[in-house]
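Beneath this line is the structure, given in structure tokens, with notes to follow.
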Amino acid sequence: MNSRQQPNPIDALRQLLQELARILETIKQEIQENEHLLLQSQQEMEKLSRKNASITAELQKIQSHTDEFSRHELRMGYEAALEAQQRLYLMSGKVEKIQSQIQQYHRQMSWLENIQENLQNLLNQLGGYSKGFHSGEGVEMIIQAQEAERQRLSRQMHDGPAQALSNFILQTEIAMRLFELDPVKAKEELESLKLSATQAFQKVRDFIFELRPMMLDDLGLAPTVRRYVDAMRSIPGTSIQFTLTGMERRLEPYLEVMVFRAIQELLGNAVRHSQASEVRLQVDLGDNALKVMIDDNGKGFDPEILKERTNMGIKVIRDRVEMIGGEFQLDTRVGEGTRISFTIPLHDRTDLT
């Protein structure tokens with residue numbers, strides 16, 4: 001047996017926060033370097049614009065007095081104008097690319113800063129539970145939860161925004177090649193490109209909502225769950241019934257995040273993986289406890305699998321619920337659907353606004 005002492009959950013979170021801080025610092029440096037490169041490129045583009053304007057004026061002069069210039073001079077004038085336009089076009093594309101990269105870095109910074117804030121809140125909250133944690137079990141749970149979330153985000157990014165943007169780039173290249181060969185076809189391709197851009201933008205917005213819905217911070221658990229259920233109802237083939245009982249109110253932020261993530265995982269499993277045609281979600285905001293129940297008529301599964309696959313989202317949810325003194329129940333069999341419910345004590349949290 002390895003006698004080396006494992007770090008406790010508090011230390012693991014601190015290390016993760018330190019790593020996030022290093023990543024944020026790297027992104028800040030990348031932004032500074034790209035902003036410097038952008039300034040240089042913009043200055044170069046201004047020079048090319050002036051040169052292009054001068055060559056264009058000279059070409060117009062040649063065109064209006066063609067009888068005063070030789071065939072060679074005419075050809076050289078046209079070639080110079082074409083070269084100037086091409087250089088200006090390439091530099092303009094470079095500027096747009098750098099600007100897009102800077103915007104992407106800023107979005108990444110915003111996401112990471114949001115995650116950093118949430119992890120810091122979690123670190124503060126875990127301080128109250130640290131005496132009751134067994135260090136080995138705590139570290140294992142945190143690592144498993146991190147990996148499960150990373151895998152989920154990786155799948156969503158690959159199947160959603162990454163695939164959409166890849167298709168978008170391909171259509172852009174096709175449209176550029178068609179401009180000289182078939183302008184009519186190029187116009188049709190641009191119309192298709194506009195539609196693809198709209199779809200890609202919507203997928204990015206959906207991904208951002210999956211990553212961290214801002215309305216959870218602004219409006220709380222109940223409105224965010226409603227919004228998520230409405231989005232899931234757009235997936236064909238499944239009917240979702242949602243019932244909310246009790247008094248709608250704000251809960252402690254970490255509880256709202258934990259409950260929403262649990263509903264997100266369980267409802268996503270029911271709709272996307274269980275082949276269910278009907279799903280029921282019930283949320284009860286009682287005076288002293290919050291209860292969530294998700295019931296589907298899908299294919300179900302063998303609950304023994306939870307003992308073999310420790311990284312399953314259901315097991316992570318159960319561990320989190322039990323960690324804060326809640327109860328978790330699972331009822332499922334192969335071919336007989338799945339019912340999952342959990343209850344979390346609220347104690348004196350009901351007065352939060």
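All residue names refer to the structure tokens as shown: chains lettered A, B, ... in order, residues numbered from 1 in each chain, ligands numbered from 1 in order.
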task = Might you pull out every residue within 12 Å of A:Ile62, with only C-alpha atoms counted and same-chain residues fewer than 2 positions away left off, and present them as a list in words?
result =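 In the requested form, the answer reads Ile55, Thr56, Ala57, Glu58, Leu59, Gln60, Ser64, His65, Thr66, Asp67, Glu68, Phe69, Ser70, Arg71, His72, Glu73, Leu74, Arg75, Met76, Gly77, Tyr78 and Ala81 of chain A.
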key: Long-range neighbours of stretch 254-257 of chain A as a PyMOL selection string, 8 Å cut-off, only C-alpha atoms, 6 positions minimum in chain   = chain A and resi 121-122+216+220-221
ask   = At what distance in Å, to one decimal, does atom CA of A:Gly300 lie from atom CA of A:Gly335?
value =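 A separation of 5.3 Å between them.
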ask   = Distance atom CA of A:Thr224-atom CA of A:Arg261, one decimal place?
value = 10.9 Å
Shell around stretch 16-28 of chain A at 10 Å using only C-alpha atoms, local window under 6 positions removed, as a PyMOL selection string = chain A and resi 10+34+102+105-106+108-110+112-113+115-117+119-120+123
Go ahead and write the residues just picked, all heavy atoms, as a CSV table (one decimal), in the first residue's frame.
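Writing the result to result17.csv gives the following:
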chain,number,residue,atom,x,y,z
A,10,ILE,N,-9.0,20.7,0.0
A,10,ILE,CA,-8.7,22.1,0.1
A,10,ILE,C,-7.4,22.4,-0.7
A,10,ILE,O,-7.4,23.3,-1.5
A,10,ILE,CB,-8.6,22.6,1.5
A,10,ILE,CG1,-9.8,22.3,2.3
A,10,ILE,CG2,-8.3,24.1,1.5
A,10,ILE,CD1,-11.1,22.9,1.8
A,34,ASN,N,-0.8,40.3,-29.2
A,34,ASN,CA,-1.7,40.4,-30.4
A,34,ASN,C,-2.1,41.8,-30.6
A,34,ASN,O,-2.3,42.3,-31.8
A,34,ASN,CB,-2.9,39.5,-30.3
A,34,ASN,CG,-2.6,38.1,-30.7
A,34,ASN,OD1,-2.8,37.7,-31.9
A,34,ASN,ND2,-2.2,37.2,-29.8
A,102,ILE,N,-8.0,38.2,-30.7
A,102,ILE,CA,-8.1,39.0,-29.5
A,102,ILE,C,-9.5,38.9,-28.8
A,102,ILE,O,-9.6,38.7,-27.6
A,102,ILE,CB,-7.8,40.5,-29.8
A,102,ILE,CG1,-6.3,40.7,-30.2
A,102,ILE,CG2,-8.1,41.4,-28.6
A,102,ILE,CD1,-6.0,42.1,-30.7
A,105,TYR,N,-9.6,35.5,-27.2
A,105,TYR,CA,-8.9,35.5,-25.9
A,105,TYR,C,-9.7,36.2,-24.8
A,105,TYR,O,-9.7,35.7,-23.7
A,105,TYR,CB,-7.5,36.2,-26.1
A,105,TYR,CG,-6.5,35.4,-26.7
A,105,TYR,CD1,-5.6,35.9,-27.7
A,105,TYR,CD2,-6.3,34.1,-26.3
A,105,TYR,CE1,-4.6,35.1,-28.3
A,105,TYR,CE2,-5.3,33.3,-26.9
A,105,TYR,CZ,-4.5,33.8,-27.9
A,105,TYR,OH,-3.5,33.0,-28.5
A,106,HIS,N,-10.4,37.3,-25.1
A,106,HIS,CA,-11.2,38.0,-24.1
A,106,HIS,C,-12.3,37.1,-23.6
A,106,HIS,O,-12.6,37.1,-22.4
A,106,HIS,CB,-11.7,39.3,-24.7
A,106,HIS,CG,-10.7,40.4,-24.6
A,106,HIS,ND1,-10.2,40.9,-23.4
A,106,HIS,CD2,-10.1,41.1,-25.6
A,106,HIS,CE1,-9.4,41.9,-23.7
A,106,HIS,NE2,-9.2,42.0,-25.0
A,108,GLN,N,-12.3,33.8,-23.6
A,108,GLN,CA,-11.7,32.7,-22.8
A,108,GLN,C,-11.4,33.3,-21.4
A,108,GLN,O,-11.6,32.6,-20.4
A,108,GLN,CB,-10.5,32.2,-23.5
A,108,GLN,CG,-10.7,31.4,-24.7
A,108,GLN,CD,-9.4,31.0,-25.4
A,108,GLN,OE1,-8.3,31.5,-25.1
A,108,GLN,NE2,-9.5,30.1,-26.4
A,109,MET,N,-10.9,34.5,-21.4
A,109,MET,CA,-10.6,35.1,-20.1
A,109,MET,C,-11.9,35.2,-19.2
A,109,MET,O,-11.9,34.9,-18.0
A,109,MET,CB,-10.0,36.5,-20.3
A,109,MET,CG,-8.4,36.5,-20.3
A,109,MET,SD,-7.7,38.1,-20.2
A,109,MET,CE,-8.3,38.6,-18.6
A,110,SER,N,-13.0,35.7,-19.9
A,110,SER,CA,-14.2,35.8,-19.1
A,110,SER,C,-14.7,34.5,-18.6
A,110,SER,O,-15.1,34.4,-17.4
A,110,SER,CB,-15.3,36.5,-20.1
A,110,SER,OG,-16.5,36.6,-19.4
A,112,LEU,N,-12.9,31.8,-17.9
A,112,LEU,CA,-12.0,31.3,-16.9
A,112,LEU,C,-12.1,32.1,-15.6
A,112,LEU,O,-12.0,31.5,-14.5
A,112,LEU,CB,-10.6,31.3,-17.4
A,112,LEU,CG,-10.2,30.3,-18.5
A,112,LEU,CD1,-8.8,30.5,-19.1
A,112,LEU,CD2,-10.4,28.9,-18.0
A,113,GLU,N,-12.3,33.4,-15.7
A,113,GLU,CA,-12.5,34.2,-14.5
A,113,GLU,C,-13.8,33.8,-13.8
A,113,GLU,O,-13.8,33.8,-12.6
A,113,GLU,CB,-12.5,35.7,-14.9
A,113,GLU,CG,-11.1,36.2,-15.2
A,113,GLU,CD,-11.2,37.6,-15.8
A,113,GLU,OE1,-12.3,38.1,-16.2
A,113,GLU,OE2,-10.1,38.3,-15.9
A,115,ILE,N,-15.1,30.8,-13.9
A,115,ILE,CA,-14.8,29.5,-13.2
A,115,ILE,C,-13.9,29.7,-12.0
A,115,ILE,O,-14.1,29.1,-11.0
A,115,ILE,CB,-14.1,28.6,-14.2
A,115,ILE,CG1,-15.0,28.2,-15.4
A,115,ILE,CG2,-13.6,27.3,-13.6
A,115,ILE,CD1,-14.4,27.4,-16.5
A,116,GLN,N,-13.0,30.6,-12.1
A,116,GLN,CA,-12.1,30.9,-11.0
A,116,GLN,C,-12.9,31.4,-9.8
A,116,GLN,O,-12.7,31.0,-8.6
A,116,GLN,CB,-11.1,32.0,-11.4
A,116,GLN,CG,-10.0,32.3,-10.4
A,116,GLN,CD,-9.1,33.4,-10.9
A,116,GLN,OE1,-9.5,34.4,-11.4
A,116,GLN,NE2,-7.8,33.2,-10.7
A,117,GLU,N,-13.9,32.3,-10.1
A,117,GLU,CA,-14.7,32.8,-9.0
A,117,GLU,C,-15.5,31.7,-8.3
A,117,GLU,O,-15.6,31.6,-7.1
A,117,GLU,CB,-15.6,33.9,-9.5
A,117,GLU,CG,-16.6,34.5,-8.5
A,117,GLU,CD,-17.5,35.6,-9.1
A,117,GLU,OE1,-17.4,35.9,-10.3
A,117,GLU,OE2,-18.4,36.1,-8.3
A,119,LEU,N,-14.8,28.5,-8.3
A,119,LEU,CA,-13.9,27.6,-7.5
A,119,LEU,C,-13.5,28.2,-6.2
A,119,LEU,O,-13.4,27.5,-5.2
A,119,LEU,CB,-12.7,27.3,-8.4
A,119,LEU,CG,-12.9,26.3,-9.5
A,119,LEU,CD1,-11.6,26.1,-10.3
A,119,LEU,CD2,-13.4,24.9,-9.0
A,120,GLN,N,-13.3,29.5,-6.2
A,120,GLN,CA,-13.0,30.2,-5.0
A,120,GLN,C,-14.1,30.2,-4.0
A,120,GLN,O,-13.9,29.9,-2.8
A,120,GLN,CB,-12.6,31.7,-5.3
A,120,GLN,CG,-12.1,32.5,-4.1
A,120,GLN,CD,-10.8,31.9,-3.5
A,120,GLN,OE1,-9.8,31.7,-4.2
A,120,GLN,NE2,-10.8,31.5,-2.2
A,123,LEU,N,-14.2,26.7,-2.6
A,123,LEU,CA,-13.1,26.6,-1.7
A,123,LEU,C,-13.5,27.1,-0.3
A,123,LEU,O,-13.3,26.5,0.7
A,123,LEU,CB,-11.8,27.3,-2.2
A,123,LEU,CG,-10.6,27.3,-1.2
A,123,LEU,CD1,-10.1,25.8,-1.0
A,123,LEU,CD2,-9.5,28.1,-1.8
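With atom CA of A:Ile344 on one side and atom CA of A:Lys291 on the other, the separation reads 6.5 Å.
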message = What's around A:Glu35 at 12 Å? Count only C-alpha atoms, leave out sequence neighbours fewer than 4 positions away in its own chain, and write the answer as JSON, numbers by chain.
response = {"A": [28, 29, 30, 31, 39, 40, 41, 42, 95, 97, 98, 99, 100, 101, 102, 103, 105, 106]}
